[in-house]
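A short write-up of the structure that comes next.
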Amino acid sequence: MPATLERRENQSSAQRVLPKSMRAEWIALASIAAFWLTALLFVGISGDFPLNDDWIYAESVQHFLQTGEIRLLACAPACLFQILSSALVCKVFGFSNEVLRALGFFWAVVASFALYASCRLLRLQALPSALLTLCYAANPLFLCLAFSFMTDTPAIALTLAYGAFLLKALKDQKESSFMLSSLCLLAATCVRQNLGFLALVNALLLLLMWTRKRHSWTLLIGLIAAPLAVGYLADKWMLSTNDFTSLYVWYKGMVAKQISLLLHTPGRVLPTIMQIAGELLCYLGLFTLPILLCFLPVFARLFGNRSRINPAFPLVSSSLIVFSLCRFIIGEKRWMPFSQNLLRMPELGAHTILGINQMPLSNKLREALTWTSGVAGFMLGTVLLDTFAQTAVNGWRCFRSGVPGSSRRFGNLLTAVAAISIFAFQFAFTCLQSTFSDIDRYYLFPLLGCCLCLALAW
């Protein structure tokens, strides 16, 4: 009898816990939806006119609808998926800049919910996952792009969807999830062909699976071979059809030049890469400042006896930030914002094309931004290094472990490696690209990987 009562009490307590977790899930999802509905209400998509540079891609969609021929103007992304999918929608609703902006808004919403799903798959609770998602969605750069037809929003949305399905596949070992992840990555590669190099991340995951005598043909073909092949074909297609091939050739040549310099004369390029890496950490630190505030107790223990963070991590992080800030402030006499930013309109577009005259930021504000971003970048760098180290330690323990249940632990290890590798790829590529083309909206790609790592570290 007492055992029966105990079982009933356990069942009733489980029933009480389940609705609470479901309420948190619904509150999290509703908060993300409410954010976008509010943004749509206040910003809107009305007005049949282009914004930013999206007239380039709108012209390609219109040309395809009129002639059935895909024609690209002066752009480096392949845009194939964006043009074809947008043309399909315009076949139904008619062509207008409003319809195209509605598509951009749709992709921004998809990106938000894909990021939330990824955080949940990394075992982060519902409300912190919503906080991370809203931190990304409310980013001024992302919010600006959400109400345009730029290539960034579909590329980000498809990359995050690829990541979400990949994390689910690694956790459940379901081929259907690998297949959906592959389709998302192929579509993302057909928007921006450099995303095909995420196949390197997938190759690392497959190598780790082979150590446990696991194999997935869908992962090998759909997530490694196919993205590389599609990226290669998109590159060849761009060289043969782009109206402004010289721009694309210049971009490719600059990437190849920087890689060559890094391999053959690292002493010449490495200081610049380190400076840009520190700058990027400063920006990412500012973008994720609300999340980093949640880690303040961890940093408070750095100066006590109960710190679990290796002292080398704050040292490395602070050294990189100080080196970067010194190069900007002392060497180049520049305060933040160091690159193109919403607070400082680009010289060409603002003054010569649009005729916008914007007052420069005060020195005090720029100095405050610089020091705040430096502290935030230091905190972020420390958290990331600690996350990488913890994942490496867990991986070592997992490979040494032979106890039952290690399969589940191995699945958790794979998801952690996937999140870190996606961030590492996006961070490294953005640093390389910023050596010759420092455009602020490109920071959104390493930011999505950064959010995954913070979800992992939480």
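Following the order of the structure tokens, first chain is A, next is B, and so on, with residues numbered from 1 inside each chain and ligands from 1 in the order they appear.
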
So which residues touch Thr382 in chain A within 8 Å, counting only C-alpha atoms, skipping near sequence neighbours fewer than 6 positions away, as a count of residues only? 4

Near Ile422 in chain A, counting only C-alpha atoms, which residues have an atom at most 8 Å away, once you skip same-chain residues fewer than 4 positions from it, shown as a PyMOL selection string? chain A and resi 198+201+418+426+449

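Nearest to Leu456 in chain A of all the residues A:Pro50, A:Pro266, A:Pro128, A:Pro290 is A:Pro128, counting only C-alpha atoms.
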
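Among the candidates A:Asp172, A:Ser181, A:Arg268, A:Arg71, the residue lying nearest to Thr245 in chain A is A:Arg71 (atoms considered: only C-alpha atoms).
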
As a ChimeraX atom specification, please: every residue in range 9-257 of chain A that DSSP puts in helix (DSSP H, G or I). /A:9-42,55-67,80-93,97-121,126-137,140-146,152-172,175-189,193-211,217-241,245-257

Would you compute the distance between CA of Ile224 in chain A and CA of Asn202 in chain A? Give it in Å to one decimal. 6.1 Å

Within 10 Å of Leu160 in chain A using only C-alpha atoms, minus same-chain residues under 4 positions, as a VMD selection string: chain A and resid 110 to 118 154 to 156 164 to 166 181 184 to 185 188 422 445 448 to 449 452

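For Phe388 in chain A, the non-local neighbours within 12 Å, defined as residues at least 4 positions apart in the same chain or in other chains and counting only C-alpha atoms, are A:Ile309, A:Asn310, A:Phe313, A:Gly381, A:Thr382, A:Val383, A:Leu384, A:Ala392, A:Val393, A:Asn394, A:Gly395, A:Leu413, A:Ala416, A:Val417, A:Ala418, A:Ala419, A:Ile420, A:Ser421, A:Phe423, A:Ala424, A:Cys450, A:Cys453, A:Leu454, A:Leu456, A:Ala457.
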
One residue among A:Ser246, A:Ser240, A:Thr151, A:Gln82 is nearest to Asp54 in chain A when using only C-alpha atoms, and that residue is A:Thr151

Using only C-alpha atoms, which residues sit within 9 Å of Ala187 in chain A once same-chain residues fewer than 2 positions away are excluded, as a PyMOL selection string? chain A and resi 80-82+155+158-159+182-185+189-192

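If only C-alpha atoms are the atoms counted, then among A:Leu414, A:Ala312, A:Leu51, A:Met238 the closest residue to Arg212 in chain A is A:Leu414.
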
Between A:Met22, A:Ala146, A:Ile259, A:Ala455, which has the minimum distance to Gly104 in chain A (counting only C-alpha atoms)? A:Ala146
